[in-house]
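Dropping protein-v4.txt in here (compact mmCIF, N, CA and C atoms):
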```txt
# COMPACT_ATOMS: atom_id res chain seq x y z
N MET U 84 -10.98 16.72 4.22
CA MET U 84 -9.68 17.09 3.68
C MET U 84 -9.56 16.55 2.26
N ASN U 85 -9.11 17.39 1.35
CA ASN U 85 -8.97 16.95 -0.04
C ASN U 85 -7.56 16.44 -0.27
N TYR U 86 -7.41 15.13 -0.20
CA TYR U 86 -6.10 14.51 -0.34
C TYR U 86 -5.54 14.63 -1.75
N GLU U 87 -6.41 14.73 -2.73
CA GLU U 87 -5.98 14.80 -4.12
C GLU U 87 -5.06 16.00 -4.38
N GLU U 88 -5.28 17.08 -3.65
CA GLU U 88 -4.52 18.31 -3.87
C GLU U 88 -3.21 18.34 -3.09
N MET U 89 -3.00 17.36 -2.23
CA MET U 89 -1.81 17.34 -1.38
C MET U 89 -0.64 16.70 -2.12
N SER U 90 0.56 17.09 -1.71
CA SER U 90 1.76 16.49 -2.29
C SER U 90 1.97 15.09 -1.71
N MET U 91 2.82 14.34 -2.37
CA MET U 91 3.15 13.00 -1.88
C MET U 91 3.76 13.09 -0.48
N GLU U 92 4.62 14.06 -0.28
CA GLU U 92 5.28 14.23 1.01
C GLU U 92 4.27 14.50 2.12
N GLU U 93 3.30 15.35 1.82
CA GLU U 93 2.26 15.65 2.81
C GLU U 93 1.43 14.40 3.12
N LEU U 94 1.08 13.66 2.07
CA LEU U 94 0.30 12.45 2.27
C LEU U 94 1.07 11.42 3.09
N PHE U 95 2.35 11.22 2.76
CA PHE U 95 3.14 10.25 3.50
C PHE U 95 3.28 10.66 4.97
N ALA U 96 3.39 11.96 5.23
CA ALA U 96 3.47 12.43 6.62
C ALA U 96 2.18 12.11 7.37
N LEU U 97 1.05 12.30 6.72
CA LEU U 97 -0.23 11.98 7.35
C LEU U 97 -0.38 10.47 7.57
N VAL U 98 0.09 9.68 6.62
CA VAL U 98 0.03 8.23 6.78
C VAL U 98 0.91 7.80 7.96
N GLU U 99 2.07 8.41 8.09
CA GLU U 99 2.95 8.10 9.22
C GLU U 99 2.28 8.46 10.55
N GLU U 100 1.60 9.60 10.59
CA GLU U 100 0.87 9.98 11.80
C GLU U 100 -0.22 8.97 12.11
N ALA U 101 -0.94 8.56 11.08
CA ALA U 101 -2.01 7.56 11.27
C ALA U 101 -1.42 6.25 11.78
N SER U 102 -0.30 5.85 11.21
CA SER U 102 0.35 4.62 11.63
C SER U 102 0.76 4.69 13.10
N ALA U 103 1.30 5.82 13.51
CA ALA U 103 1.70 5.99 14.91
C ALA U 103 0.49 5.91 15.83
N ARG U 104 -0.61 6.52 15.42
CA ARG U 104 -1.84 6.45 16.23
C ARG U 104 -2.34 5.03 16.35
N LEU U 105 -2.28 4.30 15.23
CA LEU U 105 -2.75 2.91 15.24
C LEU U 105 -1.87 2.05 16.13
N GLU U 106 -0.57 2.28 16.10
CA GLU U 106 0.36 1.50 16.90
C GLU U 106 0.16 1.74 18.40
N GLN U 107 -0.29 2.93 18.78
CA GLN U 107 -0.52 3.23 20.19
C GLN U 107 -1.64 2.37 20.76
N GLY U 108 -2.62 2.05 19.93
CA GLY U 108 -3.71 1.18 20.36
C GLY U 108 -4.62 1.77 21.41
N GLU U 109 -4.72 3.07 21.48
CA GLU U 109 -5.52 3.71 22.52
C GLU U 109 -6.87 4.23 22.01
N MET U 110 -7.23 3.85 20.81
CA MET U 110 -8.49 4.31 20.23
C MET U 110 -9.54 3.21 20.32
N SER U 111 -10.78 3.62 20.20
CA SER U 111 -11.86 2.64 20.14
C SER U 111 -11.79 1.91 18.80
N LEU U 112 -12.51 0.83 18.68
CA LEU U 112 -12.52 0.07 17.44
C LEU U 112 -13.01 0.93 16.28
N GLU U 113 -14.03 1.74 16.52
CA GLU U 113 -14.57 2.60 15.48
C GLU U 113 -13.54 3.64 15.03
N GLU U 114 -12.85 4.25 16.00
CA GLU U 114 -11.82 5.24 15.67
C GLU U 114 -10.67 4.59 14.91
N THR U 115 -10.29 3.40 15.36
CA THR U 115 -9.21 2.67 14.70
C THR U 115 -9.57 2.39 13.26
N PHE U 116 -10.78 1.94 13.03
CA PHE U 116 -11.22 1.65 11.66
C PHE U 116 -11.20 2.90 10.81
N GLU U 117 -11.67 4.03 11.36
CA GLU U 117 -11.72 5.28 10.60
C GLU U 117 -10.31 5.77 10.24
N VAL U 118 -9.39 5.70 11.18
CA VAL U 118 -8.01 6.11 10.92
C VAL U 118 -7.40 5.20 9.86
N TYR U 119 -7.64 3.91 9.98
CA TYR U 119 -7.13 2.95 8.99
C TYR U 119 -7.71 3.23 7.61
N ARG U 120 -9.01 3.48 7.56
CA ARG U 120 -9.69 3.76 6.28
C ARG U 120 -9.12 5.01 5.62
N GLU U 121 -8.91 6.06 6.40
CA GLU U 121 -8.35 7.29 5.85
C GLU U 121 -6.92 7.07 5.36
N ALA U 122 -6.14 6.32 6.11
CA ALA U 122 -4.75 6.03 5.70
C ALA U 122 -4.74 5.24 4.39
N ARG U 123 -5.62 4.28 4.25
CA ARG U 123 -5.71 3.51 3.00
C ARG U 123 -6.10 4.42 1.84
N LYS U 124 -7.01 5.35 2.09
CA LYS U 124 -7.42 6.29 1.05
C LYS U 124 -6.22 7.13 0.60
N MET U 125 -5.43 7.61 1.57
CA MET U 125 -4.25 8.41 1.24
C MET U 125 -3.23 7.58 0.45
N LEU U 126 -3.03 6.34 0.85
CA LEU U 126 -2.07 5.48 0.15
C LEU U 126 -2.53 5.19 -1.28
N LYS U 127 -3.83 5.03 -1.46
CA LYS U 127 -4.36 4.79 -2.81
C LYS U 127 -4.10 6.00 -3.71
N ILE U 128 -4.25 7.19 -3.16
CA ILE U 128 -3.97 8.40 -3.93
C ILE U 128 -2.49 8.48 -4.26
N CYS U 129 -1.64 8.11 -3.30
CA CYS U 129 -0.19 8.08 -3.56
C CYS U 129 0.14 7.11 -4.69
N GLU U 130 -0.49 5.95 -4.67
CA GLU U 130 -0.27 4.96 -5.73
C GLU U 130 -0.67 5.53 -7.09
N SER U 131 -1.78 6.24 -7.13
CA SER U 131 -2.24 6.85 -8.39
C SER U 131 -1.25 7.90 -8.87
N LYS U 132 -0.72 8.70 -7.94
CA LYS U 132 0.25 9.72 -8.31
C LYS U 132 1.54 9.07 -8.83
N ILE U 133 1.96 8.00 -8.19
CA ILE U 133 3.17 7.30 -8.64
C ILE U 133 2.95 6.70 -10.02
N ASP U 134 1.79 6.10 -10.24
CA ASP U 134 1.48 5.54 -11.56
C ASP U 134 1.53 6.61 -12.64
N LEU U 135 0.98 7.78 -12.34
CA LEU U 135 0.98 8.88 -13.31
C LEU U 135 2.41 9.32 -13.62
N ILE U 136 3.23 9.43 -12.61
CA ILE U 136 4.63 9.82 -12.80
C ILE U 136 5.36 8.78 -13.64
N GLU U 137 5.13 7.51 -13.35
CA GLU U 137 5.77 6.44 -14.14
C GLU U 137 5.37 6.52 -15.60
N LYS U 138 4.10 6.78 -15.88
CA LYS U 138 3.63 6.91 -17.26
C LYS U 138 4.30 8.09 -17.96
N LYS U 139 4.43 9.20 -17.24
CA LYS U 139 5.08 10.38 -17.81
C LYS U 139 6.55 10.08 -18.11
N MET U 140 7.20 9.32 -17.24
CA MET U 140 8.61 8.98 -17.46
C MET U 140 8.77 8.08 -18.68
N ILE U 141 7.85 7.16 -18.88
CA ILE U 141 7.89 6.28 -20.04
C ILE U 141 7.76 7.11 -21.32
N VAL U 142 6.83 8.06 -21.32
CA VAL U 142 6.64 8.93 -22.48
C VAL U 142 7.92 9.72 -22.75
N LEU U 143 8.51 10.28 -21.72
CA LEU U 143 9.75 11.03 -21.88
C LEU U 143 10.87 10.17 -22.44
N GLU U 144 10.98 8.94 -21.95
CA GLU U 144 12.01 8.02 -22.46
C GLU U 144 11.77 7.70 -23.93
N GLU U 145 10.50 7.48 -24.29
CA GLU U 145 10.20 7.18 -25.69
C GLU U 145 10.50 8.37 -26.58
N GLU U 146 10.18 9.56 -26.09
CA GLU U 146 10.47 10.77 -26.87
C GLU U 146 11.97 10.99 -27.03
N SER U 147 12.73 10.70 -26.00
CA SER U 147 14.19 10.89 -26.10
C SER U 147 14.82 9.84 -26.99
N ASP U 148 14.22 8.65 -27.05
CA ASP U 148 14.72 7.60 -27.95
C ASP U 148 14.49 7.96 -29.41
N GLU U 149 13.46 8.75 -29.67
CA GLU U 149 13.14 9.14 -31.04
C GLU U 149 14.06 10.22 -31.56
N LEU U 150 14.77 10.89 -30.68
CA LEU U 150 15.66 11.99 -31.10
C LEU U 150 16.92 11.48 -31.70
```

As structure tokens, the full file:
Amino acid sequence: MNYEEMSMEELFALVEEASARLEQGEMSLEETFEVYREARKMLKICESKIDLIEKKMIVLEEESDEL
């Protein structure tokens, strides 16, 4: 699955699903690790998207201050 192309909302929904699966505790150790790893990957992409949005907002604020 290409997480980079997904929206933040889609990623957060998948992370919530992963969290629910982890909380159930019915998976093997290997499955648990894989679900956790994928959730961390999705959260890292979310962090990158948030950082990009913050940078764009700073640029917009600086541009509006120059007007």

Q. When distances are computed from only C-alpha atoms, which of U:Glu144, U:Ser90, U:Val98, U:Asn85 shows the smallest separation from Leu126 (chain U)?
A. U:Val98

(Q) Give me, as a PyMOL selection string, all polymer residues having an atom no more than 7 Å from Cys129 (chain U), counting all atoms listed in the file and skipping those fewer than 5 positions away in the same chain. (A) chain U and resi 91+124+134

**Q.** Sphere at (-4.0, 5.0, 4.6), radius 8 Å, counting only N, CA and C atoms: residues as a PyMOL selection string
**A.** chain U and resi 97-99+101-102+118-127

Q) Quick one: of U:Gly108, U:Leu143, U:Leu94, U:Glu88, who's nearest to Glu130 (chain U), counting only C-alpha atoms? A) U:Leu94

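Note that atom N of Ser131 (chain U) and atom N of Ala103 (chain U) are 20.9 Å apart.
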
Q) Quick one: DSSP alpha helix (DSSP H) residues in chain U, as a PyMOL selection string? A) chain U and resi 91-107+112-149

As a PDB file, in the coordinates of the input, the rebuilt region 129-140 of chain U with all heavy atoms:
```pdb
ATOM      1  N   CYS U 129      -1.640   8.110  -3.300  1.00  0.00           N
ATOM      2  CA  CYS U 129      -0.190   8.080  -3.560  1.00  0.00           C
ATOM      3  C   CYS U 129       0.140   7.110  -4.690  1.00  0.00           C
ATOM      4  O   CYS U 129       0.946   7.419  -5.566  1.00  0.00           O
ATOM      5  CB  CYS U 129       0.575   7.670  -2.301  1.00  0.00           C
ATOM      6  SG  CYS U 129       0.658   8.945  -1.040  1.00  0.00           S
ATOM      7  N   GLU U 130      -0.490   5.950  -4.670  1.00  0.00           N
ATOM      8  CA  GLU U 130      -0.270   4.960  -5.730  1.00  0.00           C
ATOM      9  C   GLU U 130      -0.670   5.530  -7.090  1.00  0.00           C
ATOM     10  O   GLU U 130       0.037   5.337  -8.080  1.00  0.00           O
ATOM     11  CB  GLU U 130      -1.056   3.683  -5.441  1.00  0.00           C
ATOM     12  CG  GLU U 130      -0.519   2.881  -4.287  1.00  0.00           C
ATOM     13  CD  GLU U 130      -1.427   1.725  -3.894  1.00  0.00           C
ATOM     14  OE1 GLU U 130      -2.475   1.502  -4.547  1.00  0.00           O
ATOM     15  OE2 GLU U 130      -1.090   1.046  -2.910  1.00  0.00           O
ATOM     16  N   SER U 131      -1.780   6.240  -7.130  1.00  0.00           N
ATOM     17  CA  SER U 131      -2.240   6.850  -8.390  1.00  0.00           C
ATOM     18  C   SER U 131      -1.250   7.900  -8.870  1.00  0.00           C
ATOM     19  O   SER U 131      -0.941   7.980 -10.061  1.00  0.00           O
ATOM     20  CB  SER U 131      -3.604   7.499  -8.200  1.00  0.00           C
ATOM     21  OG  SER U 131      -4.573   6.537  -7.920  1.00  0.00           O
ATOM     22  N   LYS U 132      -0.720   8.700  -7.940  1.00  0.00           N
ATOM     23  CA  LYS U 132       0.250   9.720  -8.310  1.00  0.00           C
ATOM     24  C   LYS U 132       1.540   9.070  -8.830  1.00  0.00           C
ATOM     25  O   LYS U 132       2.129   9.545  -9.802  1.00  0.00           O
ATOM     26  CB  LYS U 132       0.541  10.627  -7.122  1.00  0.00           C
ATOM     27  CG  LYS U 132      -0.609  11.550  -6.766  1.00  0.00           C
ATOM     28  CD  LYS U 132      -0.281  12.423  -5.563  1.00  0.00           C
ATOM     29  CE  LYS U 132      -1.463  13.297  -5.211  1.00  0.00           C
ATOM     30  NZ  LYS U 132      -1.190  14.697  -5.375  1.00  0.00           N
ATOM     31  N   ILE U 133       1.960   8.000  -8.190  1.00  0.00           N
ATOM     32  CA  ILE U 133       3.170   7.300  -8.640  1.00  0.00           C
ATOM     33  C   ILE U 133       2.950   6.700 -10.020  1.00  0.00           C
ATOM     34  O   ILE U 133       3.824   6.790 -10.887  1.00  0.00           O
ATOM     35  CB  ILE U 133       3.570   6.214  -7.615  1.00  0.00           C
ATOM     36  CG1 ILE U 133       4.092   6.893  -6.339  1.00  0.00           C
ATOM     37  CG2 ILE U 133       4.610   5.265  -8.205  1.00  0.00           C
ATOM     38  CD1 ILE U 133       4.290   5.953  -5.178  1.00  0.00           C
ATOM     39  N   ASP U 134       1.790   6.100 -10.240  1.00  0.00           N
ATOM     40  CA  ASP U 134       1.480   5.540 -11.560  1.00  0.00           C
ATOM     41  C   ASP U 134       1.530   6.610 -12.640  1.00  0.00           C
ATOM     42  O   ASP U 134       2.071   6.392 -13.731  1.00  0.00           O
ATOM     43  CB  ASP U 134       0.094   4.883 -11.566  1.00  0.00           C
ATOM     44  CG  ASP U 134       0.055   3.569 -10.822  1.00  0.00           C
ATOM     45  OD1 ASP U 134       1.138   2.995 -10.550  1.00  0.00           O
ATOM     46  OD2 ASP U 134      -1.060   3.106 -10.502  1.00  0.00           O
ATOM     47  N   LEU U 135       0.980   7.780 -12.340  1.00  0.00           N
ATOM     48  CA  LEU U 135       0.980   8.880 -13.310  1.00  0.00           C
ATOM     49  C   LEU U 135       2.410   9.320 -13.620  1.00  0.00           C
ATOM     50  O   LEU U 135       2.761   9.528 -14.787  1.00  0.00           O
ATOM     51  CB  LEU U 135       0.166  10.054 -12.775  1.00  0.00           C
ATOM     52  CG  LEU U 135       0.064  11.277 -13.673  1.00  0.00           C
ATOM     53  CD1 LEU U 135      -0.609  10.919 -14.999  1.00  0.00           C
ATOM     54  CD2 LEU U 135      -0.701  12.381 -12.965  1.00  0.00           C
ATOM     55  N   ILE U 136       3.230   9.430 -12.610  1.00  0.00           N
ATOM     56  CA  ILE U 136       4.630   9.820 -12.800  1.00  0.00           C
ATOM     57  C   ILE U 136       5.360   8.780 -13.640  1.00  0.00           C
ATOM     58  O   ILE U 136       6.128   9.129 -14.549  1.00  0.00           O
ATOM     59  CB  ILE U 136       5.328  10.049 -11.446  1.00  0.00           C
ATOM     60  CG1 ILE U 136       4.750  11.296 -10.776  1.00  0.00           C
ATOM     61  CG2 ILE U 136       6.838  10.173 -11.617  1.00  0.00           C
ATOM     62  CD1 ILE U 136       5.137  11.455  -9.327  1.00  0.00           C
ATOM     63  N   GLU U 137       5.130   7.510 -13.350  1.00  0.00           N
ATOM     64  CA  GLU U 137       5.770   6.440 -14.140  1.00  0.00           C
ATOM     65  C   GLU U 137       5.370   6.520 -15.600  1.00  0.00           C
ATOM     66  O   GLU U 137       6.213   6.361 -16.491  1.00  0.00           O
ATOM     67  CB  GLU U 137       5.401   5.075 -13.562  1.00  0.00           C
ATOM     68  CG  GLU U 137       6.103   4.762 -12.266  1.00  0.00           C
ATOM     69  CD  GLU U 137       5.670   3.433 -11.664  1.00  0.00           C
ATOM     70  OE1 GLU U 137       4.593   2.892 -12.043  1.00  0.00           O
ATOM     71  OE2 GLU U 137       6.413   2.924 -10.813  1.00  0.00           O
ATOM     72  N   LYS U 138       4.100   6.780 -15.880  1.00  0.00           N
ATOM     73  CA  LYS U 138       3.630   6.910 -17.260  1.00  0.00           C
ATOM     74  C   LYS U 138       4.300   8.090 -17.960  1.00  0.00           C
ATOM     75  O   LYS U 138       4.697   7.994 -19.119  1.00  0.00           O
ATOM     76  CB  LYS U 138       2.118   7.037 -17.307  1.00  0.00           C
ATOM     77  CG  LYS U 138       1.407   5.749 -16.968  1.00  0.00           C
ATOM     78  CD  LYS U 138      -0.086   5.927 -16.900  1.00  0.00           C
ATOM     79  CE  LYS U 138      -0.733   4.629 -16.446  1.00  0.00           C
ATOM     80  NZ  LYS U 138      -2.172   4.776 -16.260  1.00  0.00           N
ATOM     81  N   LYS U 139       4.430   9.200 -17.240  1.00  0.00           N
ATOM     82  CA  LYS U 139       5.080  10.380 -17.810  1.00  0.00           C
ATOM     83  C   LYS U 139       6.550  10.080 -18.110  1.00  0.00           C
ATOM     84  O   LYS U 139       7.088  10.521 -19.127  1.00  0.00           O
ATOM     85  CB  LYS U 139       4.976  11.571 -16.867  1.00  0.00           C
ATOM     86  CG  LYS U 139       3.590  12.160 -16.806  1.00  0.00           C
ATOM     87  CD  LYS U 139       3.540  13.344 -15.860  1.00  0.00           C
ATOM     88  CE  LYS U 139       2.158  13.954 -15.812  1.00  0.00           C
ATOM     89  NZ  LYS U 139       2.107  15.122 -14.909  1.00  0.00           N
ATOM     90  N   MET U 140       7.200   9.320 -17.240  1.00  0.00           N
ATOM     91  CA  MET U 140       8.610   8.980 -17.460  1.00  0.00           C
ATOM     92  C   MET U 140       8.770   8.080 -18.680  1.00  0.00           C
ATOM     93  O   MET U 140       9.708   8.255 -19.458  1.00  0.00           O
ATOM     94  CB  MET U 140       9.169   8.279 -16.216  1.00  0.00           C
ATOM     95  CG  MET U 140       9.367   9.230 -15.054  1.00  0.00           C
ATOM     96  SD  MET U 140       9.980   8.420 -13.578  1.00  0.00           S
ATOM     97  CE  MET U 140      11.603   7.953 -14.113  1.00  0.00           C
TER      98      MET U 140
END
```
